[in-house]
Amino acid sequence: MRNPQQARAERTKRSIIAAAAELFAERGFDAVTMREIAKRAGCSHTAIYLYFRDKETLLHHISMPPLQELRERLDGLLGRDASPEERLHDVCMTWIRFCLSNRNMFEVFFSAGAVRVDEKEPRLEVNRLRNELFGLLMRALAGCLPPGIGEERLLACTRITYFMAHGIVGTYRHSPESPDELMARLGPTFRDAFQALLIGFKTLIREGGDQA
């Protein structure tokens with residue numbers, strides 16, 4: 001059983017994480033200082049460092065659990081017995097639903113302190129996980145494209161698919177509708193959008209060869 005001091009420390013830690021998440025969502029990761037996080041959390045600007053070394057450590061605590069859960073979902077979908085097109089559709093729809101369910105935080109989850117998706121050894125664990133997620137999207141897309149597609153062309157197509165997904169989420173970021181309502185009303189349109197992308201990719205590859 002935890003003693004009162006341990007319980008207070010846990011409450012303080014949770015308050016700091018919650019304050020950081022709010023401020024990152026409101027103003028962006030780069031604009032927020034540790035002093036501002038401490039103030040909102042109700043602790044001193046020196047005490048916060050007893051719990052978290054820096055903003056990157058806070059970003060890790062905020063982003064890793066939901067992104068790990070998303071990775072597990074996508075892994076499961078890619079292992080499902082279905083056509084490549086259905087697996088791609090399920091991956092894209094799951095990604096969109098995840099972002100709509102976390103619409104105040106999805107930019108923090110995916111963009112705060114981010115590096116290039118093709119960086120081989122990111123320093124931050126959260127960036128390694130982000131790149132793994134991008135890799136799962138690439139894997140889903142690769143199954144739908146002509147065999148032998150080059151790495152650069154596949155990377156470009158995956159980036160475009162990623163842009164589409166996050167553009168959709170950004171469009172409905174401030175919508176009063178719930179994720180379930182949005183997916184019920186617009187799910188077929190989202191599906192058509194990704195299907196149109198896939199048709200376009202295949203046409204480009206067929207007509208232009210495997211040029212990046």
# chains A, B, ... in the order shown; residues from 1 in each chain; ligands from 1
$ residues_around --residues "Tyr51 in chain A" --least-positions-apart "3" --cutoff "9 Å" --atoms "only C-alpha atoms" --output "ChimeraX atom specification"
/A:9,12-13,16,47-48
$ residues_around --residues "range 139-152 of chain A" --least-positions-apart "3" --cutoff "10 Å" --atoms "only C-alpha atoms" --output "PDB file with C-alpha atoms, in the first residue's frame"
ATOM      1  CA  LEU A  74      -2.837  -1.949 -37.157  1.00  0.00           C
ATOM      2  CA  LEU A  77      -5.476  -5.680 -39.214  1.00  0.00           C
ATOM      3  CA  LEU A  78      -2.464  -6.451 -41.393  1.00  0.00           C
ATOM      4  CA  SER A  83      -7.691  -8.836 -49.638  1.00  0.00           C
ATOM      5  CA  PRO A  84      -4.851  -6.272 -49.756  1.00  0.00           C
ATOM      6  CA  GLU A  85      -7.375  -3.548 -50.625  1.00  0.00           C
ATOM      7  CA  GLU A  86      -9.550  -4.404 -47.616  1.00  0.00           C
ATOM      8  CA  ARG A  87      -6.538  -4.415 -45.308  1.00  0.00           C
ATOM      9  CA  LEU A  88      -5.485  -0.995 -46.627  1.00  0.00           C
ATOM     10  CA  HIS A  89      -9.006   0.330 -46.189  1.00  0.00           C
ATOM     11  CA  ASP A  90      -9.191  -0.986 -42.615  1.00  0.00           C
ATOM     12  CA  VAL A  91      -5.795   0.498 -41.749  1.00  0.00           C
ATOM     13  CA  CYS A  92      -6.785   3.918 -43.127  1.00  0.00           C
ATOM     14  CA  LEU A 133       3.297   3.278 -37.677  1.00  0.00           C
ATOM     15  CA  PHE A 134       4.205   4.899 -40.982  1.00  0.00           C
ATOM     16  CA  GLY A 135       5.904   1.644 -41.925  1.00  0.00           C
ATOM     17  CA  LEU A 136       2.694  -0.282 -41.246  1.00  0.00           C
ATOM     18  CA  LEU A 155       7.617   6.055 -49.929  1.00  0.00           C
ATOM     19  CA  ALA A 156       6.076   8.873 -51.985  1.00  0.00           C
ATOM     20  CA  CYS A 157       2.757   7.038 -52.318  1.00  0.00           C
ATOM     21  CA  THR A 158       2.669   6.339 -48.587  1.00  0.00           C
ATOM     22  CA  THR A 161      -1.821   8.507 -48.280  1.00  0.00           C
ATOM     23  CA  LEU A 198      -5.037   3.885 -55.120  1.00  0.00           C
ATOM     24  CA  ILE A 199      -6.376   4.065 -58.684  1.00  0.00           C
ATOM     25  CA  PHE A 201      -1.116   5.487 -57.911  1.00  0.00           C
ATOM     26  CA  LYS A 202      -1.601   2.478 -60.175  1.00  0.00           C
ATOM     27  CA  ILE A 205       3.063   3.651 -62.067  1.00  0.00           C
ATOM     28  CA  ARG A 206       1.641   2.096 -65.223  1.00  0.00           C
ATOM     29  CA  GLY A 209       7.124   3.539 -64.815  1.00  0.00           C
ATOM     30  CA  ASP A 210       8.684   3.422 -61.358  1.00  0.00           C
ATOM     31  CA  GLN A 211       9.968   6.985 -61.298  1.00  0.00           C
ATOM     32  CA  ALA A 212       9.823   8.689 -57.895  1.00  0.00           C
TER      33      ALA A 212
END
$ closest_residue --among "A:Ala165, A:Ala196, A:Leu100, A:Leu59" --to "Ala114 in chain A" --atoms "only C-alpha atoms"
A:Leu59
$ residues_around --residues "Ala20 in chain A" --least-positions-apart "3" --cutoff "8 Å" --atoms "only C-alpha atoms" --output "PyMOL selection string"
chain A and resi 16-17+23-24+37+58
$ decode --residues "range 158-174 of chain A" --atoms "all heavy atoms" --output "PDB file, in the first residue's frame"
ATOM      1  N   THR A 158       3.084   6.444 -49.995  1.00  0.00           N
ATOM      2  CA  THR A 158       2.669   6.339 -48.587  1.00  0.00           C
ATOM      3  C   THR A 158       2.552   7.723 -47.967  1.00  0.00           C
ATOM      4  O   THR A 158       1.628   7.986 -47.181  1.00  0.00           O
ATOM      5  CB  THR A 158       3.668   5.483 -47.796  1.00  0.00           C
ATOM      6  OG1 THR A 158       3.879   4.238 -48.469  1.00  0.00           O
ATOM      7  CG2 THR A 158       3.131   5.197 -46.395  1.00  0.00           C
ATOM      8  N   ARG A 159       3.467   8.608 -48.299  1.00  0.00           N
ATOM      9  CA  ARG A 159       3.365   9.979 -47.794  1.00  0.00           C
ATOM     10  C   ARG A 159       2.053  10.619 -48.249  1.00  0.00           C
ATOM     11  O   ARG A 159       1.370  11.288 -47.468  1.00  0.00           O
ATOM     12  CB  ARG A 159       4.548  10.813 -48.289  1.00  0.00           C
ATOM     13  CG  ARG A 159       5.826  10.622 -47.497  1.00  0.00           C
ATOM     14  CD  ARG A 159       6.885  11.616 -47.946  1.00  0.00           C
ATOM     15  NE  ARG A 159       8.005  11.647 -47.026  1.00  0.00           N
ATOM     16  CZ  ARG A 159       9.279  11.476 -47.385  1.00  0.00           C
ATOM     17  NH1 ARG A 159       9.583  11.246 -48.655  1.00  0.00           N
ATOM     18  NH2 ARG A 159      10.251  11.535 -46.490  1.00  0.00           N
ATOM     19  N   ILE A 160       1.698  10.436 -49.504  1.00  0.00           N
ATOM     20  CA  ILE A 160       0.455  11.018 -50.024  1.00  0.00           C
ATOM     21  C   ILE A 160      -0.747  10.446 -49.282  1.00  0.00           C
ATOM     22  O   ILE A 160      -1.683  11.175 -48.923  1.00  0.00           O
ATOM     23  CB  ILE A 160       0.345  10.775 -51.542  1.00  0.00           C
ATOM     24  CG1 ILE A 160       1.434  11.551 -52.281  1.00  0.00           C
ATOM     25  CG2 ILE A 160      -1.036  11.189 -52.057  1.00  0.00           C
ATOM     26  CD1 ILE A 160       1.611  11.147 -53.737  1.00  0.00           C
ATOM     27  N   THR A 161      -0.724   9.143 -49.025  1.00  0.00           N
ATOM     28  CA  THR A 161      -1.821   8.507 -48.280  1.00  0.00           C
ATOM     29  C   THR A 161      -1.898   9.068 -46.862  1.00  0.00           C
ATOM     30  O   THR A 161      -2.990   9.335 -46.333  1.00  0.00           O
ATOM     31  CB  THR A 161      -1.606   6.983 -48.246  1.00  0.00           C
ATOM     32  OG1 THR A 161      -1.461   6.496 -49.580  1.00  0.00           O
ATOM     33  CG2 THR A 161      -2.795   6.288 -47.593  1.00  0.00           C
ATOM     34  N   TYR A 162      -0.743   9.267 -46.249  1.00  0.00           N
ATOM     35  CA  TYR A 162      -0.671   9.855 -44.903  1.00  0.00           C
ATOM     36  C   TYR A 162      -1.233  11.279 -44.920  1.00  0.00           C
ATOM     37  O   TYR A 162      -2.004  11.671 -44.033  1.00  0.00           O
ATOM     38  CB  TYR A 162       0.782   9.843 -44.450  1.00  0.00           C
ATOM     39  CG  TYR A 162       1.056  10.406 -43.080  1.00  0.00           C
ATOM     40  CD1 TYR A 162       1.046   9.592 -41.955  1.00  0.00           C
ATOM     41  CD2 TYR A 162       1.364  11.762 -42.906  1.00  0.00           C
ATOM     42  CE1 TYR A 162       1.327  10.103 -40.699  1.00  0.00           C
ATOM     43  CE2 TYR A 162       1.650  12.277 -41.658  1.00  0.00           C
ATOM     44  CZ  TYR A 162       1.628  11.445 -40.558  1.00  0.00           C
ATOM     45  OH  TYR A 162       1.893  11.958 -39.312  1.00  0.00           O
ATOM     46  N   PHE A 163      -0.855  12.058 -45.941  1.00  0.00           N
ATOM     47  CA  PHE A 163      -1.374  13.427 -46.057  1.00  0.00           C
ATOM     48  C   PHE A 163      -2.897  13.408 -46.161  1.00  0.00           C
ATOM     49  O   PHE A 163      -3.579  14.254 -45.560  1.00  0.00           O
ATOM     50  CB  PHE A 163      -0.804  14.127 -47.290  1.00  0.00           C
ATOM     51  CG  PHE A 163       0.689  14.278 -47.316  1.00  0.00           C
ATOM     52  CD1 PHE A 163       1.346  14.432 -48.528  1.00  0.00           C
ATOM     53  CD2 PHE A 163       1.440  14.262 -46.152  1.00  0.00           C
ATOM     54  CE1 PHE A 163       2.730  14.574 -48.579  1.00  0.00           C
ATOM     55  CE2 PHE A 163       2.821  14.397 -46.188  1.00  0.00           C
ATOM     56  CZ  PHE A 163       3.472  14.551 -47.401  1.00  0.00           C
ATOM     57  N   MET A 164      -3.422  12.474 -46.937  1.00  0.00           N
ATOM     58  CA  MET A 164      -4.870  12.365 -47.099  1.00  0.00           C
ATOM     59  C   MET A 164      -5.542  12.094 -45.752  1.00  0.00           C
ATOM     60  O   MET A 164      -6.515  12.761 -45.380  1.00  0.00           O
ATOM     61  CB  MET A 164      -5.204  11.247 -48.083  1.00  0.00           C
ATOM     62  CG  MET A 164      -6.694  10.911 -48.157  1.00  0.00           C
ATOM     63  SD  MET A 164      -7.662  12.114 -49.072  1.00  0.00           S
ATOM     64  CE  MET A 164      -7.314  11.545 -50.744  1.00  0.00           C
ATOM     65  N   ALA A 165      -5.022  11.125 -45.014  1.00  0.00           N
ATOM     66  CA  ALA A 165      -5.621  10.765 -43.730  1.00  0.00           C
ATOM     67  C   ALA A 165      -5.627  11.949 -42.769  1.00  0.00           C
ATOM     68  O   ALA A 165      -6.646  12.258 -42.138  1.00  0.00           O
ATOM     69  CB  ALA A 165      -4.874   9.578 -43.112  1.00  0.00           C
ATOM     70  N   HIS A 166      -4.507  12.642 -42.677  1.00  0.00           N
ATOM     71  CA  HIS A 166      -4.423  13.739 -41.717  1.00  0.00           C
ATOM     72  C   HIS A 166      -5.151  14.983 -42.215  1.00  0.00           C
ATOM     73  O   HIS A 166      -5.622  15.783 -41.411  1.00  0.00           O
ATOM     74  CB  HIS A 166      -2.957  14.016 -41.370  1.00  0.00           C
ATOM     75  CG  HIS A 166      -2.408  12.980 -40.443  1.00  0.00           C
ATOM     76  ND1 HIS A 166      -2.348  13.139 -39.087  1.00  0.00           N
ATOM     77  CD2 HIS A 166      -1.955  11.721 -40.688  1.00  0.00           C
ATOM     78  CE1 HIS A 166      -1.853  12.057 -38.529  1.00  0.00           C
ATOM     79  NE2 HIS A 166      -1.611  11.174 -39.485  1.00  0.00           N
ATOM     80  N   GLY A 167      -5.274  15.125 -43.521  1.00  0.00           N
ATOM     81  CA  GLY A 167      -6.102  16.205 -44.045  1.00  0.00           C
ATOM     82  C   GLY A 167      -7.560  16.009 -43.703  1.00  0.00           C
ATOM     83  O   GLY A 167      -8.275  16.967 -43.359  1.00  0.00           O
ATOM     84  N   ILE A 168      -8.025  14.776 -43.782  1.00  0.00           N
ATOM     85  CA  ILE A 168      -9.404  14.460 -43.401  1.00  0.00           C
ATOM     86  C   ILE A 168      -9.636  14.804 -41.939  1.00  0.00           C
ATOM     87  O   ILE A 168     -10.624  15.452 -41.580  1.00  0.00           O
ATOM     88  CB  ILE A 168      -9.705  12.974 -43.662  1.00  0.00           C
ATOM     89  CG1 ILE A 168      -9.822  12.717 -45.169  1.00  0.00           C
ATOM     90  CG2 ILE A 168     -10.981  12.540 -42.944  1.00  0.00           C
ATOM     91  CD1 ILE A 168      -9.896  11.251 -45.551  1.00  0.00           C
ATOM     92  N   VAL A 169      -8.714  14.372 -41.093  1.00  0.00           N
ATOM     93  CA  VAL A 169      -8.869  14.647 -39.656  1.00  0.00           C
ATOM     94  C   VAL A 169      -8.850  16.140 -39.381  1.00  0.00           C
ATOM     95  O   VAL A 169      -9.673  16.655 -38.599  1.00  0.00           O
ATOM     96  CB  VAL A 169      -7.767  13.929 -38.852  1.00  0.00           C
ATOM     97  CG1 VAL A 169      -7.859  14.296 -37.373  1.00  0.00           C
ATOM     98  CG2 VAL A 169      -7.878  12.422 -39.032  1.00  0.00           C
ATOM     99  N   GLY A 170      -7.927  16.856 -40.022  1.00  0.00           N
ATOM    100  CA  GLY A 170      -7.858  18.300 -39.819  1.00  0.00           C
ATOM    101  C   GLY A 170      -9.138  19.004 -40.239  1.00  0.00           C
ATOM    102  O   GLY A 170      -9.547  19.988 -39.607  1.00  0.00           O
ATOM    103  N   THR A 171      -9.789  18.500 -41.275  1.00  0.00           N
ATOM    104  CA  THR A 171     -11.034  19.109 -41.749  1.00  0.00           C
ATOM    105  C   THR A 171     -12.122  19.044 -40.687  1.00  0.00           C
ATOM    106  O   THR A 171     -12.929  19.969 -40.551  1.00  0.00           O
ATOM    107  CB  THR A 171     -11.514  18.396 -43.032  1.00  0.00           C
ATOM    108  OG1 THR A 171     -10.510  18.524 -44.040  1.00  0.00           O
ATOM    109  CG2 THR A 171     -12.817  19.001 -43.534  1.00  0.00           C
ATOM    110  N   TYR A 172     -12.141  17.949 -39.935  1.00  0.00           N
ATOM    111  CA  TYR A 172     -13.215  17.738 -38.954  1.00  0.00           C
ATOM    112  C   TYR A 172     -12.733  17.876 -37.510  1.00  0.00           C
ATOM    113  O   TYR A 172     -13.407  17.438 -36.583  1.00  0.00           O
ATOM    114  CB  TYR A 172     -13.857  16.359 -39.183  1.00  0.00           C
ATOM    115  CG  TYR A 172     -14.523  16.297 -40.534  1.00  0.00           C
ATOM    116  CD1 TYR A 172     -13.883  15.710 -41.618  1.00  0.00           C
ATOM    117  CD2 TYR A 172     -15.757  16.900 -40.736  1.00  0.00           C
ATOM    118  CE1 TYR A 172     -14.474  15.696 -42.877  1.00  0.00           C
ATOM    119  CE2 TYR A 172     -16.358  16.887 -41.986  1.00  0.00           C
ATOM    120  CZ  TYR A 172     -15.713  16.290 -43.051  1.00  0.00           C
ATOM    121  OH  TYR A 172     -16.293  16.292 -44.285  1.00  0.00           O
ATOM    122  N   ARG A 173     -11.594  18.512 -37.349  1.00  0.00           N
ATOM    123  CA  ARG A 173     -11.022  18.642 -36.006  1.00  0.00           C
ATOM    124  C   ARG A 173     -11.966  19.361 -35.046  1.00  0.00           C
ATOM    125  O   ARG A 173     -12.052  19.000 -33.871  1.00  0.00           O
ATOM    126  CB  ARG A 173      -9.693  19.391 -36.086  1.00  0.00           C
ATOM    127  CG  ARG A 173      -9.030  19.582 -34.742  1.00  0.00           C
ATOM    128  CD  ARG A 173      -7.674  20.218 -34.873  1.00  0.00           C
ATOM    129  NE  ARG A 173      -7.056  20.404 -33.574  1.00  0.00           N
ATOM    130  CZ  ARG A 173      -5.859  20.909 -33.382  1.00  0.00           C
ATOM    131  NH1 ARG A 173      -5.125  21.267 -34.428  1.00  0.00           N
ATOM    132  NH2 ARG A 173      -5.361  21.064 -32.174  1.00  0.00           N
ATOM    133  N   HIS A 174     -12.666  20.373 -35.534  1.00  0.00           N
ATOM    134  CA  HIS A 174     -13.535  21.170 -34.657  1.00  0.00           C
ATOM    135  C   HIS A 174     -15.013  20.833 -34.846  1.00  0.00           C
ATOM    136  O   HIS A 174     -15.881  21.582 -34.390  1.00  0.00           O
ATOM    137  CB  HIS A 174     -13.298  22.654 -34.905  1.00  0.00           C
ATOM    138  CG  HIS A 174     -11.877  23.089 -34.656  1.00  0.00           C
ATOM    139  ND1 HIS A 174     -11.321  23.093 -33.401  1.00  0.00           N
ATOM    140  CD2 HIS A 174     -10.903  23.505 -35.505  1.00  0.00           C
ATOM    141  CE1 HIS A 174     -10.060  23.498 -33.478  1.00  0.00           C
ATOM    142  NE2 HIS A 174      -9.786  23.752 -34.741  1.00  0.00           N
TER     143      HIS A 174
END
